[in-house]
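Colleague: Handing you this structure, nothing more for now.
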Amino acid sequence: MRYSFYEVYVTALRAFSGMGFPYGADEDAAFIIAWLELNNFNGIKLLVNSIDIIDNKYSGENKIDNNEFIINLKHSSVLMKGPALIDYFESKLGQKKKIEITINNCLDAHYFIPLLYKISPKIIFSKLIYLNSNNKKMIYVFKKNLLQAGLSSHEIAIEKKQVKIIMSSEDDLFFLDKIKREISSSTMQNNLAKSLNPNIEDWEIIEKIAQRTFVPESEESRIKGAGGGDDND
């Protein structure tokens, strides 16, 4: 079956609420998943693969040590900690023109992609680097509503389960030798005009979790307004 972007977002939102994400954090996480699904990153499947590490295990607190640009996620999900981290580092660009961040013990670096794209209109340049599950180096460059993913001849040291993020308030001379994928405002508008088609088995898993938020039928729930009150309730 096919669904609109809004349907994917709302179902993900309810699922995160059902998994114990507090208000606000559930919206941030649902945005990440819906954005990834919209742009053909299989957001719903990625969410299904993350259930074991986020379901009723929410912890959004980030510990910032003396070296604030080195973060240890301790295998927590970016769905829980990523939005606050990106907001924090974005604020640091008011004090520095360029910052380089290293995030260690990160299980799901791909969830940083929508977050960096979202702030790209306010930041001149940012870059995301990590190794995927096949130990292949992934490089994403963000410039004002434009994302380019590809290969670079620049020597960039990166370890497994490590993420490097560069943010700059000035343009950067870094470039990709080969662009393998590009996302822009226009490509996103084209995708929004189409319906999304997540894997049905993955969708059913997320729908089932989302149903945890439904109010069970009871005399008390009826008094509080659940249901329409007709003979079919």
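Simple scheme: letters A, B, ... for chains in structure tokens order, numbers from 1 for residues in each chain, numbers from 1 for ligands in the order shown.
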So which residues of stretch 48-190 of chain A fall under strand (DSSP E or B) by DSSP, listed as an NGL selection string?

Modeller: :A and (70-72 or 98-104 or 125-131 or 137-142 or 146-151 or 163-168 or 178-184)

Colleague: I need the alpha helix (DSSP H) residues of stretch 80-151 of chain A per DSSP on the backbone, written as a VMD selection string.

Modeller: chain A and resid 80 to 92 112 to 119

Colleague: Identify, on the basis of only C-alpha atoms, every residue whose closest approach to stretch 197-207 of chain A does not exceed 9 Å; exclude the query and any residue fewer than 3 positions from it along the same chain; express the result as a list in words.

Modeller: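 Result of the neighbour search: Met1, Arg2, Tyr3, Ser4, Val8, Thr11, Ala12, Arg14, Ala15, Glu37, Asn42, Gly43, Ile44, Lys45, Leu47, Val48, Ala210 and Gln211 of chain A.
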
Colleague: As number ranges by chain, please: the residues near A:Arg212 (cut-off 9 Å, only C-alpha atoms, same-chain neighbours under 2 positions excluded).

Modeller: A: 14-15, 17-19, 208-210, 214-215

Colleague: So that I have them on file, write out the residues from the current selection with all heavy atoms, as a PDB file, in the first residue's frame.

Modeller:
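Resulting contents of again.pdb:
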```
ATOM      1  N   ARG A  14       3.093   8.404  16.478  1.00  0.00           N
ATOM      2  CA  ARG A  14       2.358   7.592  17.452  1.00  0.00           C
ATOM      3  C   ARG A  14       3.202   6.418  17.930  1.00  0.00           C
ATOM      4  O   ARG A  14       3.137   6.025  19.106  1.00  0.00           O
ATOM      5  CB  ARG A  14       1.062   7.104  16.824  1.00  0.00           C
ATOM      6  CG  ARG A  14       0.025   8.216  16.637  1.00  0.00           C
ATOM      7  CD  ARG A  14      -1.186   7.736  15.891  1.00  0.00           C
ATOM      8  NE  ARG A  14      -2.225   8.753  15.835  1.00  0.00           N
ATOM      9  CZ  ARG A  14      -3.223   8.764  14.966  1.00  0.00           C
ATOM     10  NH1 ARG A  14      -3.323   7.773  14.073  1.00  0.00           N
ATOM     11  NH2 ARG A  14      -4.118   9.726  14.982  1.00  0.00           N
ATOM     12  N   ALA A  15       3.991   5.851  17.030  1.00  0.00           N
ATOM     13  CA  ALA A  15       4.855   4.733  17.420  1.00  0.00           C
ATOM     14  C   ALA A  15       5.892   5.184  18.446  1.00  0.00           C
ATOM     15  O   ALA A  15       6.136   4.489  19.437  1.00  0.00           O
ATOM     16  CB  ALA A  15       5.531   4.135  16.189  1.00  0.00           C
ATOM     17  N   SER A  17       5.633   7.710  20.487  1.00  0.00           N
ATOM     18  CA  SER A  17       4.901   7.943  21.728  1.00  0.00           C
ATOM     19  C   SER A  17       4.625   6.618  22.435  1.00  0.00           C
ATOM     20  O   SER A  17       4.778   6.500  23.652  1.00  0.00           O
ATOM     21  CB  SER A  17       3.587   8.672  21.431  1.00  0.00           C
ATOM     22  OG  SER A  17       2.845   8.886  22.602  1.00  0.00           O
ATOM     23  N   GLY A  18       4.249   5.599  21.665  1.00  0.00           N
ATOM     24  CA  GLY A  18       3.991   4.281  22.223  1.00  0.00           C
ATOM     25  C   GLY A  18       5.238   3.621  22.789  1.00  0.00           C
ATOM     26  O   GLY A  18       5.151   2.756  23.665  1.00  0.00           O
ATOM     27  N   MET A  19       6.417   4.038  22.310  1.00  0.00           N
ATOM     28  CA  MET A  19       7.674   3.482  22.805  1.00  0.00           C
ATOM     29  C   MET A  19       8.270   4.318  23.929  1.00  0.00           C
ATOM     30  O   MET A  19       9.405   4.083  24.346  1.00  0.00           O
ATOM     31  CB  MET A  19       8.680   3.335  21.655  1.00  0.00           C
ATOM     32  CG  MET A  19       8.331   2.212  20.699  1.00  0.00           C
ATOM     33  SD  MET A  19       9.609   1.861  19.453  1.00  0.00           S
ATOM     34  CE  MET A  19       9.365   3.235  18.314  1.00  0.00           C
ATOM     35  N   LYS A 208       1.383  -1.450  14.588  1.00  0.00           N
ATOM     36  CA  LYS A 208       1.032  -2.167  15.815  1.00  0.00           C
ATOM     37  C   LYS A 208       1.566  -1.437  17.038  1.00  0.00           C
ATOM     38  O   LYS A 208       0.874  -1.327  18.069  1.00  0.00           O
ATOM     39  CB  LYS A 208       1.576  -3.595  15.754  1.00  0.00           C
ATOM     40  CG  LYS A 208       1.132  -4.466  16.923  1.00  0.00           C
ATOM     41  CD  LYS A 208       1.586  -5.909  16.742  1.00  0.00           C
ATOM     42  CE  LYS A 208       1.106  -6.784  17.895  1.00  0.00           C
ATOM     43  NZ  LYS A 208       1.535  -8.201  17.712  1.00  0.00           N
ATOM     44  N   ILE A 209       2.779  -0.918  16.953  1.00  0.00           N
ATOM     45  CA  ILE A 209       3.339  -0.155  18.070  1.00  0.00           C
ATOM     46  C   ILE A 209       2.558   1.144  18.255  1.00  0.00           C
ATOM     47  O   ILE A 209       2.286   1.571  19.385  1.00  0.00           O
ATOM     48  CB  ILE A 209       4.830   0.135  17.829  1.00  0.00           C
ATOM     49  CG1 ILE A 209       5.624  -1.173  17.829  1.00  0.00           C
ATOM     50  CG2 ILE A 209       5.379   1.075  18.891  1.00  0.00           C
ATOM     51  CD1 ILE A 209       7.079  -1.026  17.470  1.00  0.00           C
ATOM     52  N   ALA A 210       2.179   1.784  17.138  1.00  0.00           N
ATOM     53  CA  ALA A 210       1.406   3.030  17.207  1.00  0.00           C
ATOM     54  C   ALA A 210       0.079   2.822  17.917  1.00  0.00           C
ATOM     55  O   ALA A 210      -0.430   3.726  18.590  1.00  0.00           O
ATOM     56  CB  ALA A 210       1.180   3.582  15.800  1.00  0.00           C
ATOM     57  N   PHE A 214      -3.636   4.200  21.473  1.00  0.00           N
ATOM     58  CA  PHE A 214      -5.086   4.295  21.397  1.00  0.00           C
ATOM     59  C   PHE A 214      -5.695   4.060  22.778  1.00  0.00           C
ATOM     60  O   PHE A 214      -5.234   3.203  23.542  1.00  0.00           O
ATOM     61  CB  PHE A 214      -5.655   3.280  20.405  1.00  0.00           C
ATOM     62  CG  PHE A 214      -5.201   3.523  18.986  1.00  0.00           C
ATOM     63  CD1 PHE A 214      -5.325   2.514  18.040  1.00  0.00           C
ATOM     64  CD2 PHE A 214      -4.662   4.733  18.597  1.00  0.00           C
ATOM     65  CE1 PHE A 214      -4.918   2.715  16.731  1.00  0.00           C
ATOM     66  CE2 PHE A 214      -4.251   4.951  17.285  1.00  0.00           C
ATOM     67  CZ  PHE A 214      -4.377   3.943  16.358  1.00  0.00           C
ATOM     68  N   VAL A 215      -6.738   4.784  23.075  1.00  0.00           N
ATOM     69  CA  VAL A 215      -7.393   4.651  24.368  1.00  0.00           C
ATOM     70  C   VAL A 215      -8.241   3.385  24.368  1.00  0.00           C
ATOM     71  O   VAL A 215      -9.116   3.221  23.515  1.00  0.00           O
ATOM     72  CB  VAL A 215      -8.291   5.867  24.660  1.00  0.00           C
ATOM     73  CG1 VAL A 215      -9.004   5.701  25.998  1.00  0.00           C
ATOM     74  CG2 VAL A 215      -7.461   7.143  24.641  1.00  0.00           C
TER      75      VAL A 215
END
```

Colleague: Using only C-alpha atoms, determine which residues lie at most 12 Å from A:Gln162, disregarding the query and same-chain residues fewer than 6 positions distant; provide the list as a PDB file with all heavy atoms, in the first residue's frame.

Modeller:
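File written: selection_4.pdb
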```
ATOM      1  N   ILE A  70      33.954  16.091  21.432  1.00  0.00           N
ATOM      2  CA  ILE A  70      34.075  14.634  21.373  1.00  0.00           C
ATOM      3  C   ILE A  70      32.977  14.048  22.251  1.00  0.00           C
ATOM      4  O   ILE A  70      32.944  14.277  23.462  1.00  0.00           O
ATOM      5  CB  ILE A  70      35.451  14.137  21.836  1.00  0.00           C
ATOM      6  CG1 ILE A  70      36.560  14.709  20.942  1.00  0.00           C
ATOM      7  CG2 ILE A  70      35.497  12.613  21.823  1.00  0.00           C
ATOM      8  CD1 ILE A  70      37.958  14.288  21.352  1.00  0.00           C
ATOM      9  N   ILE A  71      32.063  13.309  21.645  1.00  0.00           N
ATOM     10  CA  ILE A  71      30.889  12.789  22.337  1.00  0.00           C
ATOM     11  C   ILE A  71      30.904  11.266  22.297  1.00  0.00           C
ATOM     12  O   ILE A  71      31.172  10.668  21.253  1.00  0.00           O
ATOM     13  CB  ILE A  71      29.588  13.295  21.676  1.00  0.00           C
ATOM     14  CG1 ILE A  71      29.546  14.824  21.656  1.00  0.00           C
ATOM     15  CG2 ILE A  71      28.362  12.720  22.371  1.00  0.00           C
ATOM     16  CD1 ILE A  71      29.444  15.464  23.021  1.00  0.00           C
ATOM     17  N   ASN A  72      30.594  10.650  23.418  1.00  0.00           N
ATOM     18  CA  ASN A  72      30.449   9.198  23.473  1.00  0.00           C
ATOM     19  C   ASN A  72      28.966   8.870  23.636  1.00  0.00           C
ATOM     20  O   ASN A  72      28.387   9.118  24.693  1.00  0.00           O
ATOM     21  CB  ASN A  72      31.246   8.633  24.651  1.00  0.00           C
ATOM     22  CG  ASN A  72      31.239   7.113  24.681  1.00  0.00           C
ATOM     23  OD1 ASN A  72      30.543   6.457  23.885  1.00  0.00           O
ATOM     24  ND2 ASN A  72      32.006   6.533  25.582  1.00  0.00           N
ATOM     25  N   LEU A  73      28.360   8.334  22.585  1.00  0.00           N
ATOM     26  CA  LEU A  73      26.936   7.999  22.651  1.00  0.00           C
ATOM     27  C   LEU A  73      26.655   6.714  23.414  1.00  0.00           C
ATOM     28  O   LEU A  73      25.503   6.425  23.733  1.00  0.00           O
ATOM     29  CB  LEU A  73      26.348   7.884  21.238  1.00  0.00           C
ATOM     30  CG  LEU A  73      25.954   9.177  20.542  1.00  0.00           C
ATOM     31  CD1 LEU A  73      25.165   8.873  19.278  1.00  0.00           C
ATOM     32  CD2 LEU A  73      25.151  10.091  21.441  1.00  0.00           C
ATOM     33  N   LYS A  74      27.702   5.948  23.666  1.00  0.00           N
ATOM     34  CA  LYS A  74      27.566   4.709  24.445  1.00  0.00           C
ATOM     35  C   LYS A  74      26.468   3.804  23.885  1.00  0.00           C
ATOM     36  O   LYS A  74      25.688   3.209  24.624  1.00  0.00           O
ATOM     37  CB  LYS A  74      27.298   5.043  25.916  1.00  0.00           C
ATOM     38  CG  LYS A  74      28.425   5.825  26.567  1.00  0.00           C
ATOM     39  CD  LYS A  74      28.145   6.130  28.024  1.00  0.00           C
ATOM     40  CE  LYS A  74      29.295   6.900  28.634  1.00  0.00           C
ATOM     41  NZ  LYS A  74      29.053   7.228  30.069  1.00  0.00           N
ATOM     42  N   HIS A  75      26.417   3.722  22.563  1.00  0.00           N
ATOM     43  CA  HIS A  75      25.497   2.852  21.837  1.00  0.00           C
ATOM     44  C   HIS A  75      24.025   3.229  22.003  1.00  0.00           C
ATOM     45  O   HIS A  75      23.144   2.414  21.761  1.00  0.00           O
ATOM     46  CB  HIS A  75      25.706   1.376  22.235  1.00  0.00           C
ATOM     47  CG  HIS A  75      27.117   0.918  22.000  1.00  0.00           C
ATOM     48  ND1 HIS A  75      28.043   0.826  23.011  1.00  0.00           N
ATOM     49  CD2 HIS A  75      27.754   0.559  20.867  1.00  0.00           C
ATOM     50  CE1 HIS A  75      29.197   0.403  22.513  1.00  0.00           C
ATOM     51  NE2 HIS A  75      29.054   0.235  21.209  1.00  0.00           N
ATOM     52  N   ILE A 101      33.343  17.805  15.007  1.00  0.00           N
ATOM     53  CA  ILE A 101      32.768  16.997  16.075  1.00  0.00           C
ATOM     54  C   ILE A 101      33.058  15.523  15.794  1.00  0.00           C
ATOM     55  O   ILE A 101      32.874  15.050  14.665  1.00  0.00           O
ATOM     56  CB  ILE A 101      31.249  17.209  16.154  1.00  0.00           C
ATOM     57  CG1 ILE A 101      30.927  18.711  16.282  1.00  0.00           C
ATOM     58  CG2 ILE A 101      30.633  16.418  17.276  1.00  0.00           C
ATOM     59  CD1 ILE A 101      29.710  19.130  15.507  1.00  0.00           C
ATOM     60  N   THR A 102      33.470  14.812  16.805  1.00  0.00           N
ATOM     61  CA  THR A 102      33.658  13.363  16.713  1.00  0.00           C
ATOM     62  C   THR A 102      32.684  12.697  17.675  1.00  0.00           C
ATOM     63  O   THR A 102      32.634  13.038  18.856  1.00  0.00           O
ATOM     64  CB  THR A 102      35.095  12.956  17.066  1.00  0.00           C
ATOM     65  OG1 THR A 102      36.001  13.569  16.140  1.00  0.00           O
ATOM     66  CG2 THR A 102      35.260  11.444  16.984  1.00  0.00           C
ATOM     67  N   ILE A 103      31.906  11.776  17.162  1.00  0.00           N
ATOM     68  CA  ILE A 103      30.930  11.053  17.976  1.00  0.00           C
ATOM     69  C   ILE A 103      31.293   9.576  17.947  1.00  0.00           C
ATOM     70  O   ILE A 103      31.330   8.955  16.884  1.00  0.00           O
ATOM     71  CB  ILE A 103      29.502  11.276  17.443  1.00  0.00           C
ATOM     72  CG1 ILE A 103      29.177  12.775  17.475  1.00  0.00           C
ATOM     73  CG2 ILE A 103      28.485  10.486  18.261  1.00  0.00           C
ATOM     74  CD1 ILE A 103      27.865  13.134  16.839  1.00  0.00           C
ATOM     75  N   ASN A 104      31.576   9.033  19.104  1.00  0.00           N
ATOM     76  CA  ASN A 104      32.005   7.643  19.215  1.00  0.00           C
ATOM     77  C   ASN A 104      30.869   6.739  19.704  1.00  0.00           C
ATOM     78  O   ASN A 104      29.913   7.201  20.319  1.00  0.00           O
ATOM     79  CB  ASN A 104      33.199   7.540  20.168  1.00  0.00           C
ATOM     80  CG  ASN A 104      34.419   8.274  19.642  1.00  0.00           C
ATOM     81  OD1 ASN A 104      34.757   8.181  18.460  1.00  0.00           O
ATOM     82  ND2 ASN A 104      35.084   9.033  20.511  1.00  0.00           N
ATOM     83  N   ASN A 105      31.004   5.442  19.402  1.00  0.00           N
ATOM     84  CA  ASN A 105      30.019   4.429  19.816  1.00  0.00           C
ATOM     85  C   ASN A 105      28.612   4.788  19.355  1.00  0.00           C
ATOM     86  O   ASN A 105      27.653   4.762  20.129  1.00  0.00           O
ATOM     87  CB  ASN A 105      30.072   4.229  21.335  1.00  0.00           C
ATOM     88  CG  ASN A 105      31.399   3.669  21.794  1.00  0.00           C
ATOM     89  OD1 ASN A 105      31.874   2.670  21.251  1.00  0.00           O
ATOM     90  ND2 ASN A 105      32.019   4.312  22.772  1.00  0.00           N
ATOM     91  N   CYS A 106      28.527   5.111  18.084  1.00  0.00           N
ATOM     92  CA  CYS A 106      27.250   5.490  17.468  1.00  0.00           C
ATOM     93  C   CYS A 106      26.758   4.332  16.590  1.00  0.00           C
ATOM     94  O   CYS A 106      27.458   3.900  15.673  1.00  0.00           O
ATOM     95  CB  CYS A 106      27.430   6.751  16.622  1.00  0.00           C
ATOM     96  SG  CYS A 106      25.933   7.284  15.783  1.00  0.00           S
ATOM     97  N   LEU A 107      25.567   3.851  16.877  1.00  0.00           N
ATOM     98  CA  LEU A 107      25.030   2.691  16.164  1.00  0.00           C
ATOM     99  C   LEU A 107      24.285   3.056  14.880  1.00  0.00           C
ATOM    100  O   LEU A 107      24.154   2.220  13.986  1.00  0.00           O
ATOM    101  CB  LEU A 107      24.066   1.922  17.086  1.00  0.00           C
ATOM    102  CG  LEU A 107      24.650   1.306  18.350  1.00  0.00           C
ATOM    103  CD1 LEU A 107      23.534   0.680  19.169  1.00  0.00           C
ATOM    104  CD2 LEU A 107      25.708   0.262  17.998  1.00  0.00           C
ATOM    105  N   ASP A 108      23.758   4.272  14.800  1.00  0.00           N
ATOM    106  CA  ASP A 108      22.843   4.605  13.708  1.00  0.00           C
ATOM    107  C   ASP A 108      23.097   6.022  13.168  1.00  0.00           C
ATOM    108  O   ASP A 108      22.235   6.892  13.240  1.00  0.00           O
ATOM    109  CB  ASP A 108      21.386   4.441  14.147  1.00  0.00           C
ATOM    110  CG  ASP A 108      21.119   5.018  15.537  1.00  0.00           C
ATOM    111  OD1 ASP A 108      21.920   5.855  16.003  1.00  0.00           O
ATOM    112  OD2 ASP A 108      20.101   4.654  16.156  1.00  0.00           O
ATOM    113  N   ALA A 109      24.292   6.224  12.621  1.00  0.00           N
ATOM    114  CA  ALA A 109      24.717   7.550  12.140  1.00  0.00           C
ATOM    115  C   ALA A 109      23.806   8.107  11.052  1.00  0.00           C
ATOM    116  O   ALA A 109      23.693   9.324  10.886  1.00  0.00           O
ATOM    117  CB  ALA A 109      26.150   7.462  11.612  1.00  0.00           C
ATOM    118  N   HIS A 110      23.113   7.230  10.314  1.00  0.00           N
ATOM    119  CA  HIS A 110      22.256   7.688   9.219  1.00  0.00           C
ATOM    120  C   HIS A 110      21.141   8.612   9.704  1.00  0.00           C
ATOM    121  O   HIS A 110      20.601   9.394   8.921  1.00  0.00           O
ATOM    122  CB  HIS A 110      21.638   6.484   8.488  1.00  0.00           C
ATOM    123  CG  HIS A 110      21.161   5.402   9.382  1.00  0.00           C
ATOM    124  ND1 HIS A 110      21.957   4.325   9.728  1.00  0.00           N
ATOM    125  CD2 HIS A 110      19.980   5.217  10.028  1.00  0.00           C
ATOM    126  CE1 HIS A 110      21.279   3.526  10.539  1.00  0.00           C
ATOM    127  NE2 HIS A 110      20.072   4.049  10.740  1.00  0.00           N
ATOM    128  N   LEU A 128      29.019  15.221   6.920  1.00  0.00           N
ATOM    129  CA  LEU A 128      28.804  14.048   7.761  1.00  0.00           C
ATOM    130  C   LEU A 128      29.586  12.874   7.177  1.00  0.00           C
ATOM    131  O   LEU A 128      29.473  12.590   5.980  1.00  0.00           O
ATOM    132  CB  LEU A 128      27.305  13.717   7.816  1.00  0.00           C
ATOM    133  CG  LEU A 128      26.891  12.394   8.468  1.00  0.00           C
ATOM    134  CD1 LEU A 128      27.159  12.434   9.971  1.00  0.00           C
ATOM    135  CD2 LEU A 128      25.407  12.107   8.199  1.00  0.00           C
ATOM    136  N   ILE A 129      30.361  12.202   8.023  1.00  0.00           N
ATOM    137  CA  ILE A 129      31.175  11.072   7.562  1.00  0.00           C
ATOM    138  C   ILE A 129      31.030   9.928   8.556  1.00  0.00           C
ATOM    139  O   ILE A 129      31.127  10.123   9.768  1.00  0.00           O
ATOM    140  CB  ILE A 129      32.665  11.455   7.456  1.00  0.00           C
ATOM    141  CG1 ILE A 129      32.839  12.712   6.606  1.00  0.00           C
ATOM    142  CG2 ILE A 129      33.484  10.304   6.880  1.00  0.00           C
ATOM    143  CD1 ILE A 129      34.103  13.454   6.898  1.00  0.00           C
ATOM    144  N   TYR A 130      30.808   8.727   8.041  1.00  0.00           N
ATOM    145  CA  TYR A 130      30.752   7.541   8.897  1.00  0.00           C
ATOM    146  C   TYR A 130      30.936   6.301   8.037  1.00  0.00           C
ATOM    147  O   TYR A 130      30.888   6.357   6.806  1.00  0.00           O
ATOM    148  CB  TYR A 130      29.435   7.477   9.677  1.00  0.00           C
ATOM    149  CG  TYR A 130      28.190   7.318   8.821  1.00  0.00           C
ATOM    150  CD1 TYR A 130      27.682   6.065   8.503  1.00  0.00           C
ATOM    151  CD2 TYR A 130      27.505   8.436   8.345  1.00  0.00           C
ATOM    152  CE1 TYR A 130      26.541   5.913   7.736  1.00  0.00           C
ATOM    153  CE2 TYR A 130      26.357   8.303   7.578  1.00  0.00           C
ATOM    154  CZ  TYR A 130      25.884   7.042   7.272  1.00  0.00           C
ATOM    155  OH  TYR A 130      24.753   6.896   6.501  1.00  0.00           O
ATOM    156  N   LEU A 131      31.135   5.155   8.681  1.00  0.00           N
ATOM    157  CA  LEU A 131      31.212   3.875   7.985  1.00  0.00           C
ATOM    158  C   LEU A 131      29.863   3.188   8.106  1.00  0.00           C
ATOM    159  O   LEU A 131      29.289   3.117   9.195  1.00  0.00           O
ATOM    160  CB  LEU A 131      32.293   2.982   8.606  1.00  0.00           C
ATOM    161  CG  LEU A 131      33.730   3.485   8.539  1.00  0.00           C
ATOM    162  CD1 LEU A 131      34.650   2.500   9.265  1.00  0.00           C
ATOM    163  CD2 LEU A 131      34.196   3.682   7.108  1.00  0.00           C
ATOM    164  N   ASN A 132      29.355   2.676   6.993  1.00  0.00           N
ATOM    165  CA  ASN A 132      28.074   1.976   7.065  1.00  0.00           C
ATOM    166  C   ASN A 132      28.282   0.541   7.552  1.00  0.00           C
ATOM    167  O   ASN A 132      29.401   0.148   7.933  1.00  0.00           O
ATOM    168  CB  ASN A 132      27.345   2.023   5.711  1.00  0.00           C
ATOM    169  CG  ASN A 132      28.057   1.238   4.616  1.00  0.00           C
ATOM    170  OD1 ASN A 132      29.006   0.485   4.870  1.00  0.00           O
ATOM    171  ND2 ASN A 132      27.596   1.401   3.399  1.00  0.00           N
ATOM    172  N   SER A 133      27.229  -0.255   7.538  1.00  0.00           N
ATOM    173  CA  SER A 133      27.311  -1.621   8.067  1.00  0.00           C
ATOM    174  C   SER A 133      28.267  -2.508   7.282  1.00  0.00           C
ATOM    175  O   SER A 133      28.714  -3.545   7.777  1.00  0.00           O
ATOM    176  CB  SER A 133      25.914  -2.258   8.091  1.00  0.00           C
ATOM    177  OG  SER A 133      25.353  -2.259   6.785  1.00  0.00           O
ATOM    178  N   ASN A 135      31.164  -1.356   6.268  1.00  0.00           N
ATOM    179  CA  ASN A 135      32.442  -0.659   6.428  1.00  0.00           C
ATOM    180  C   ASN A 135      32.792   0.205   5.230  1.00  0.00           C
ATOM    181  O   ASN A 135      33.964   0.463   4.950  1.00  0.00           O
ATOM    182  CB  ASN A 135      33.582  -1.648   6.715  1.00  0.00           C
ATOM    183  CG  ASN A 135      33.517  -2.205   8.123  1.00  0.00           C
ATOM    184  OD1 ASN A 135      33.088  -1.524   9.052  1.00  0.00           O
ATOM    185  ND2 ASN A 135      33.916  -3.452   8.284  1.00  0.00           N
ATOM    186  N   LYS A 137      32.816   3.861   3.541  1.00  0.00           N
ATOM    187  CA  LYS A 137      32.803   5.237   4.018  1.00  0.00           C
ATOM    188  C   LYS A 137      31.699   6.028   3.326  1.00  0.00           C
ATOM    189  O   LYS A 137      31.631   6.101   2.098  1.00  0.00           O
ATOM    190  CB  LYS A 137      34.158   5.900   3.752  1.00  0.00           C
ATOM    191  CG  LYS A 137      34.312   7.275   4.384  1.00  0.00           C
ATOM    192  CD  LYS A 137      35.669   7.891   4.054  1.00  0.00           C
ATOM    193  CE  LYS A 137      36.794   7.099   4.662  1.00  0.00           C
ATOM    194  NZ  LYS A 137      38.123   7.683   4.376  1.00  0.00           N
ATOM    195  N   MET A 138      30.834   6.609   4.126  1.00  0.00           N
ATOM    196  CA  MET A 138      29.733   7.418   3.622  1.00  0.00           C
ATOM    197  C   MET A 138      30.059   8.885   3.867  1.00  0.00           C
ATOM    198  O   MET A 138      30.405   9.271   4.995  1.00  0.00           O
ATOM    199  CB  MET A 138      28.425   7.046   4.322  1.00  0.00           C
ATOM    200  CG  MET A 138      28.121   5.562   4.365  1.00  0.00           C
ATOM    201  SD  MET A 138      27.962   4.823   2.719  1.00  0.00           S
ATOM    202  CE  MET A 138      26.498   5.656   2.102  1.00  0.00           C
TER     203      MET A 138
END
```

Colleague: Residues near A:Asn145, anyone? I mean within 8 Å using only C-alpha atoms, not counting same-chain ones fewer than 5 positions away, as a PyMOL selection string.

Modeller: chain A and resi 117-118+120-121+184-185
